[in-house]
Protein chains: 2
Amino acid sequence: MSSPKVFCICIGSELLSHGINTNVHSLNASLLSAGFSVSAEITVPDKKEDIASALRWALQEAEIIVFSGGLGPTFDDITREAVAETLGKKVFFSPEIWKRISDYFLHRSIPVPESNRKQAFLIEGGEEIINLVGTAPGIFLEEDSRLLFLLPGPPVEFRPMVEKFLLPKVLNRYSDANKAVEMARYPISGVPESIVDEKSRAIRSSFEEKGVEWTILAKPHFVELWASIPSCNLAWKDEISFSLRNLFGLAFLGEGRNSLSQTLGDLLVERKLTIALAESCTGGLLGHLITEIPGSSRYFTSSCVTYSNSAKRRILKVSRSLLRKHGAVSREAALAMAKGAKKVGKADIGVAITGIAGPSAGSSDKPVGLVWIAVAMKGRDPVVREYSLGRDRTIITRRAATAAMDLVRRTLLEDTGQSI
Amino acid sequence: MSSPKVFCICIGSELLSHGINTNVHSLNASLLSAGFSVSAEITVPDKKEDIASALRWALQEAEIIVFSGGLGPTFDDITREAVAETLGKKVFFSPEIWKRISDYFLHRSIPVPESNRKQAFLIEGGEEIINLVGTAPGIFLEEDSRLLFLLPGPPVEFRPMVEKFLLPKVLNRYSDANKAVEMARYPISGVPESIVDEKSRAIRSSFEEKGVEWTILAKPHFVELWASIPSCNLAWKDEISFSLRNLFGLAFLGEGRNSLSQTLGDLLVERKLTIALAESCTGGLLGHLITEIPGSSRYFTSSCVTYSNSAKRRILKVSRSLLRKHGAVSREAALAMAKGAKKVGKADIGVAITGIAGPSAGSSDKPVGLVWIAVAMKGRDPVVREYSLGRDRTIITRRAATAAMDLVRRTLLEDTGQSI
């Protein structure tokens, strides 16, 4: 059976003027695991005639049509109505869905707004896709053997519906064992994208000849190689891991690890170590990233975000003379902050970040983008490193937080040569 | 004359898997100044049949078709050929364009790569759009009174071609000064989307009748109403502001304010006040959001992220007996943390967040999503509020940080009834 054509229709006027929509990326990644991919993404404003026009084209071309957005409670959420009209179907009120929505508000002690009633309407012949995160239920429809999925726009609601509902439905209809592939992710930390590209070219080519497709994804201070590996040749997954380990050493996190904060967290749990932070230019981002992991309270004790010099003195006990002599952005300050963090947070490991995120306050010897990161760990010499992380405030802070997690991870692993 | 329909076709497989493309945003902004907007954006992979299919739909629906990408020198750049084939036209080599490309390389002392030759091909009946920045020329075509623009994908090349070539061509054909609009943004904080929708319905309708178009955008704990106001009636912008102020009071941030952290920052600067934080379940996110604003060091001194109880005691001086009696997630703990933050951060205002972000650790009397926020301010009674912010860890922390900024802002403004 040939692969079905998949169209993704994203609805929202704001997506055409400024909004960024990554739902098609996650949809595509999920479908790749089934051996399919998205053939077209169409973005239209919240206007019935534009949604209808896109749907009519999709019905001509595609076997699977996925809608994203326009299922909320407000006046411009019209996906449900536009799809029903275009298909010549009615919508009807579902008391069952309305009860689920009411319970959602009850749980938050908010009176149920009357406007949410519209979310309790289903399209005739449609099936509710339960929303475990928000109020907007999704809707599944079959139309002339085409599969239609109406999913809410927020990624936290869209993704679980794709994984738990859409993918099984699609696989059930179109399963083709020969085409099935598994996406393997190979994260590499702290190596620029172009170097990862160059160094991995030979191994990529050799597997490409056998049918593996590659994608390269760059995030701040973090690159992921994605490989679509035919499910009948899954042994290749480890072969690739082995080669990347040889090429990149500790920079390679290991297949399937999709975040540095999770990797670091697992390592800290395994070693039974606790961690405390001292942040300056990152303003709390490092603590935020570390605590995004459920269960991080097992190893994370505290982060002291000391923006002002007096806070560095008072909270972290960095001496006035040190700050006067070397400045707050210096090797010495980073080391003192890491030791202070470890002590005040009563942790096994203290980590400090101090740098210049700009846009102002840079100078010729301490330019915007200069960041010092230090790691103080009981029973061993402290580690401190200087970084130059670009010129953009947002990127600098993001890179600094990532680099700090990576430095702790490497410091822990260098002892043993172990890889995680 | 009615507005022409504009379709934007973006070409690139990477755009479906991970790439972010903002060309449609800049195109839309340029067109809005002329009174038009984009009716659909279509993204397709670098495959001839997918480009052809998108073009055929666009030819049925739109008067103006703008291509972005696929004009480079490599094997997967096939926009020119796909468009020519679909229209049944030939491509031909232009010595003039080839000379311009050769000069571009000569100027940079690089031998001209043979692969760039393909960029010197024009579609018959087409006109070159000169590229002042890179090697890929654009192509302009008229087809059955439709205007087609093939533009290169990199924004630094795409944008000048839109401004200097596309816009004048379009205006020349479809000029209608009466249609030009300006987008006004009206942010409302701490009011659920559905309530904003309901309460603003009457004022929206009254302006809709005069030709204003509305969009509603929901972010965690924050809603924006967008209005496209005809440029000849810009006085309506203030009239709408005035009405929204009456409807929503302090919840309305003021037209054009696009973030709570910037609004709060401006208010702190104006009042010459400093702020210090104590965070628990948000893990540093509040400090991160506040310090995303350049210049926040003028008012932000510190944030103590105290995840463990012992850190709350040691860093913020919350008493052991208080924690034992009321627990870390309680009105009393929030108040003590806010006071501790104010003192240790030596600030005018102390803000504390303590709550249960889950997924575990909830109980029947303290469920996941329960959050206490307190504000301690010199010279006035402390403020403390209980929130119930949902069930998802990421959403709870995001809402809690936003709610905290909003509570500080309201506390500052309630004194004076002033609006910012």
# chains A, B, ... in the order shown; residues from 1 in each chain; ligands from 1
call {"tool": "residues_around", "arguments": {"residues": "B:Phe248", "least_positions_apart": "2", "cutoff": "9 Å", "atoms": "only C-alpha atoms", "output": "list in words"}}
result
Ile188, Val191, Val196, Lys199, Ser243, Leu244, Arg245, Asn246, Leu250, Ala251 and Phe252 of chain B
call {"tool": "interface_residues", "arguments": {"of": "chain A", "to": "chain B", "cutoff": "7 Å", "atoms": "only C-alpha atoms", "output": "ChimeraX atom specification"}}
result
/A:16-18,24-25,28-29,39-45,50,57,73-74,76,108,113,115-116,133,217,282-285,287-288,291,294,297,300-308,311,315,344-345,359
call {"tool": "select_by_dssp", "arguments": {"residues": "stretch 116-320 of chain A", "states": "alpha helix (DSSP H)", "output": "ChimeraX atom specification"}}
result
/A:155-161,167-174,193-199,201-208,235-248,260-271,285-291,309-316,320
call {"tool": "atom_distance", "arguments": {"atom1": "atom CA of B:Thr354", "atom2": "atom CA of A:Ala400"}}
result
26.4 Å
call {"tool": "calpha_fit_rmsd", "arguments": {"fixed": "chain A", "moving": "chain B"}}
result
5.5 Å
call {"tool": "atom_distance", "arguments": {"atom1": "atom CA of B:Leu322", "atom2": "atom CA of B:Ala404"}}
result
22.5 Å
call {"tool": "select_by_dssp", "arguments": {"residues": "stretch 75-295 of chain A", "states": "strand (DSSP E)", "output": "PDB file with C-alpha atoms, in the first residue's frame"}}
result
ATOM      1  CA  VAL A  91     -23.134  20.169  14.543  1.00  0.00           C
ATOM      2  CA  PHE A  92     -24.878  19.048  17.722  1.00  0.00           C
ATOM      3  CA  PHE A  93     -24.521  19.653  21.442  1.00  0.00           C
ATOM      4  CA  PHE A 121     -20.568  20.777  20.006  1.00  0.00           C
ATOM      5  CA  LEU A 122     -19.587  17.812  17.851  1.00  0.00           C
ATOM      6  CA  ILE A 123     -19.856  17.404  14.074  1.00  0.00           C
ATOM      7  CA  GLU A 127     -15.904  11.290  17.505  1.00  0.00           C
ATOM      8  CA  GLU A 128     -14.579  13.306  20.445  1.00  0.00           C
ATOM      9  CA  ILE A 129     -10.821  13.291  21.046  1.00  0.00           C
ATOM     10  CA  GLY A 138     -10.551  17.420  19.369  1.00  0.00           C
ATOM     11  CA  ILE A 139     -12.821  15.892  16.733  1.00  0.00           C
ATOM     12  CA  PHE A 140     -12.175  12.883  14.513  1.00  0.00           C
ATOM     13  CA  LEU A 141     -14.134  12.299  11.289  1.00  0.00           C
ATOM     14  CA  GLU A 142     -14.070   9.919   8.364  1.00  0.00           C
ATOM     15  CA  GLU A 143     -15.206  11.420   5.071  1.00  0.00           C
ATOM     16  CA  ARG A 146     -10.384  10.273   4.257  1.00  0.00           C
ATOM     17  CA  LEU A 147      -9.325  10.715   7.882  1.00  0.00           C
ATOM     18  CA  LEU A 148      -9.898  14.200   9.341  1.00  0.00           C
ATOM     19  CA  PHE A 149      -8.520  15.276  12.706  1.00  0.00           C
ATOM     20  CA  LEU A 150      -9.518  18.626  14.232  1.00  0.00           C
ATOM     21  CA  LEU A 151      -7.008  19.351  16.991  1.00  0.00           C
ATOM     22  CA  VAL A 181      10.787   3.739  10.340  1.00  0.00           C
ATOM     23  CA  GLU A 182      11.854   4.745  13.772  1.00  0.00           C
ATOM     24  CA  MET A 183      13.214   8.198  14.416  1.00  0.00           C
ATOM     25  CA  ALA A 184      16.409   7.998  16.391  1.00  0.00           C
ATOM     26  CA  ARG A 185      17.672  11.207  17.942  1.00  0.00           C
ATOM     27  CA  TYR A 186      21.335  11.773  18.583  1.00  0.00           C
ATOM     28  CA  PRO A 187      21.901  14.883  20.705  1.00  0.00           C
ATOM     29  CA  ILE A 188      25.335  16.507  20.713  1.00  0.00           C
ATOM     30  CA  SER A 189      26.036  19.192  23.242  1.00  0.00           C
ATOM     31  CA  GLU A 213      17.237   9.789   6.057  1.00  0.00           C
ATOM     32  CA  TRP A 214      18.907  12.468   8.147  1.00  0.00           C
ATOM     33  CA  THR A 215      17.854  15.799   9.578  1.00  0.00           C
ATOM     34  CA  ILE A 216      19.953  18.197  11.565  1.00  0.00           C
ATOM     35  CA  LEU A 217      18.347  20.410  14.202  1.00  0.00           C
ATOM     36  CA  ALA A 218      20.187  23.220  15.928  1.00  0.00           C
ATOM     37  CA  LYS A 219      19.193  24.640  19.306  1.00  0.00           C
ATOM     38  CA  PHE A 222      22.888  21.875  21.374  1.00  0.00           C
ATOM     39  CA  VAL A 223      22.521  20.019  18.082  1.00  0.00           C
ATOM     40  CA  GLU A 224      20.370  16.998  17.324  1.00  0.00           C
ATOM     41  CA  LEU A 225      20.938  14.594  14.473  1.00  0.00           C
ATOM     42  CA  TRP A 226      17.744  12.767  13.579  1.00  0.00           C
ATOM     43  CA  ALA A 227      17.883   9.535  11.640  1.00  0.00           C
ATOM     44  CA  SER A 228      14.870   7.702  10.223  1.00  0.00           C
ATOM     45  CA  ILE A 229      15.898   4.079  10.574  1.00  0.00           C
ATOM     46  CA  PRO A 230      13.858   1.365   8.851  1.00  0.00           C
ATOM     47  CA  ILE A 275      22.922  20.661  43.194  1.00  0.00           C
ATOM     48  CA  ALA A 276      22.557  24.362  44.034  1.00  0.00           C
ATOM     49  CA  LEU A 277      22.957  27.334  41.686  1.00  0.00           C
ATOM     50  CA  ALA A 278      24.119  30.924  41.675  1.00  0.00           C
ATOM     51  CA  GLU A 279      22.867  32.788  38.631  1.00  0.00           C
TER      52      GLU A 279
END
call {"tool": "residues_around", "arguments": {"residues": "stretch 332-341 of chain B", "least_positions_apart": "6", "cutoff": "7 Å", "atoms": "only C-alpha atoms", "output": "JSON, numbers by chain"}}
result
{"B": [276, 277, 278, 304, 316, 317, 318, 323, 326, 350, 351, 352, 353, 354, 372, 373, 374, 375, 376, 384]}
call {"tool": "write_last_selection", "arguments": {"atoms": "C-alpha atoms", "output": "short mmCIF file (atom, residue, chain, number, x, y, z; two decimals), in the first residue's frame"}}
result
data_model
loop_
_atom_site.label_atom_id
_atom_site.label_comp_id
_atom_site.auth_asym_id
_atom_site.auth_seq_id
_atom_site.Cartn_x
_atom_site.Cartn_y
_atom_site.Cartn_z
CA ALA B 276 13.32 40.91 44.89
CA LEU B 277 11.79 37.48 44.51
CA ALA B 278 11.38 34.21 46.39
CA CYS B 304 15.99 33.18 45.79
CA LEU B 316 14.80 33.30 53.39
CA LYS B 317 14.69 32.79 57.17
CA VAL B 318 11.27 31.13 57.09
CA LEU B 323 6.74 25.30 57.83
CA HIS B 326 1.26 25.30 57.79
CA GLY B 350 9.38 41.29 47.93
CA VAL B 351 7.36 38.79 45.91
CA ALA B 352 6.93 35.09 46.70
CA ILE B 353 5.47 32.15 44.81
CA THR B 354 4.92 28.79 46.43
CA TRP B 372 0.03 31.03 46.81
CA ILE B 373 1.49 34.38 45.77
CA ALA B 374 2.43 37.13 48.21
CA VAL B 375 3.66 40.71 47.79
CA ALA B 376 5.40 42.53 50.64
CA VAL B 384 -1.49 37.43 49.50
#
call {"tool": "atom_distance", "arguments": {"atom1": "atom CA of B:Arg380", "atom2": "atom CA of B:Val269"}}
result
19.3 Å
call {"tool": "residues_around", "arguments": {"residues": "B:Ala120", "least_positions_apart": "6", "cutoff": "9 Å", "atoms": "only C-alpha atoms", "output": "PDB file with N, CA and C atoms, in the first residue's frame"}}
result
ATOM      1  N   PHE B  92      15.095  29.682 -20.071  1.00  0.00           N
ATOM      2  CA  PHE B  92      16.202  29.956 -20.986  1.00  0.00           C
ATOM      3  C   PHE B  92      17.334  30.661 -20.237  1.00  0.00           C
ATOM      4  N   PHE B  93      18.538  30.468 -20.747  1.00  0.00           N
ATOM      5  CA  PHE B  93      19.736  31.020 -20.122  1.00  0.00           C
ATOM      6  C   PHE B  93      19.837  32.515 -20.425  1.00  0.00           C
ATOM      7  N   SER B  94      20.073  33.322 -19.397  1.00  0.00           N
ATOM      8  CA  SER B  94      20.223  34.769 -19.592  1.00  0.00           C
ATOM      9  C   SER B  94      21.677  35.175 -19.362  1.00  0.00           C
ATOM     10  N   PRO B  95      22.399  35.526 -20.441  1.00  0.00           N
ATOM     11  CA  PRO B  95      23.802  35.938 -20.277  1.00  0.00           C
ATOM     12  C   PRO B  95      23.921  37.150 -19.355  1.00  0.00           C
ATOM     13  N   GLU B  96      22.909  37.980 -19.379  1.00  0.00           N
ATOM     14  CA  GLU B  96      22.938  39.184 -18.541  1.00  0.00           C
ATOM     15  C   GLU B  96      22.941  38.819 -17.044  1.00  0.00           C
ATOM     16  N   ILE B  97      22.046  37.885 -16.669  1.00  0.00           N
ATOM     17  CA  ILE B  97      22.006  37.456 -15.261  1.00  0.00           C
ATOM     18  C   ILE B  97      23.300  36.726 -14.903  1.00  0.00           C
ATOM     19  N   TRP B  98      23.797  35.911 -15.817  1.00  0.00           N
ATOM     20  CA  TRP B  98      25.040  35.169 -15.556  1.00  0.00           C
ATOM     21  C   TRP B  98      26.194  36.121 -15.300  1.00  0.00           C
ATOM     22  N   LYS B  99      26.216  37.228 -16.016  1.00  0.00           N
ATOM     23  CA  LYS B  99      27.260  38.213 -15.807  1.00  0.00           C
ATOM     24  C   LYS B  99      27.137  38.814 -14.400  1.00  0.00           C
ATOM     25  N   ARG B 100      25.911  39.115 -14.002  1.00  0.00           N
ATOM     26  CA  ARG B 100      25.714  39.705 -12.677  1.00  0.00           C
ATOM     27  C   ARG B 100      26.154  38.724 -11.578  1.00  0.00           C
ATOM     28  N   ILE B 101      25.829  37.444 -11.760  1.00  0.00           N
ATOM     29  CA  ILE B 101      26.233  36.436 -10.762  1.00  0.00           C
ATOM     30  C   ILE B 101      27.759  36.314 -10.733  1.00  0.00           C
ATOM     31  N   ALA B 136      20.884  34.686  -5.862  1.00  0.00           N
ATOM     32  CA  ALA B 136      19.652  34.200  -6.484  1.00  0.00           C
ATOM     33  C   ALA B 136      18.768  35.353  -6.949  1.00  0.00           C
ATOM     34  N   PRO B 137      18.602  35.545  -8.273  1.00  0.00           N
ATOM     35  CA  PRO B 137      17.683  36.577  -8.705  1.00  0.00           C
ATOM     36  C   PRO B 137      16.256  36.094  -8.489  1.00  0.00           C
TER      37      PRO B 137
END
call {"tool": "decode", "arguments": {"residues": "stretch 198-222 of chain A", "atoms": "C-alpha atoms", "output": "CSV table (one decimal), in the first residue's frame"}}
result
chain,number,residue,atom,x,y,z
A,198,GLU,CA,31.2,18.2,8.8
A,199,LYS,CA,32.4,15.6,11.3
A,200,SER,CA,29.3,13.4,10.8
A,201,ARG,CA,29.2,13.6,7.0
A,202,ALA,CA,31.0,10.3,6.3
A,203,ILE,CA,28.9,8.2,8.7
A,204,ARG,CA,25.7,9.9,7.4
A,205,SER,CA,26.5,9.1,3.8
A,206,SER,CA,27.3,5.5,4.5
A,207,PHE,CA,23.9,5.0,6.2
A,208,GLU,CA,22.1,7.2,3.6
A,209,GLU,CA,23.1,4.7,1.0
A,210,LYS,CA,21.2,2.0,2.9
A,211,GLY,CA,18.1,4.1,3.1
A,212,VAL,CA,18.4,6.2,6.3
A,213,GLU,CA,17.2,9.8,6.1
A,214,TRP,CA,18.9,12.5,8.1
A,215,THR,CA,17.9,15.8,9.6
A,216,ILE,CA,20.0,18.2,11.6
A,217,LEU,CA,18.3,20.4,14.2
A,218,ALA,CA,20.2,23.2,15.9
A,219,LYS,CA,19.2,24.6,19.3
A,220,PRO,CA,21.3,27.0,21.4
A,221,HIS,CA,24.5,25.1,22.3
A,222,PHE,CA,22.9,21.9,21.4
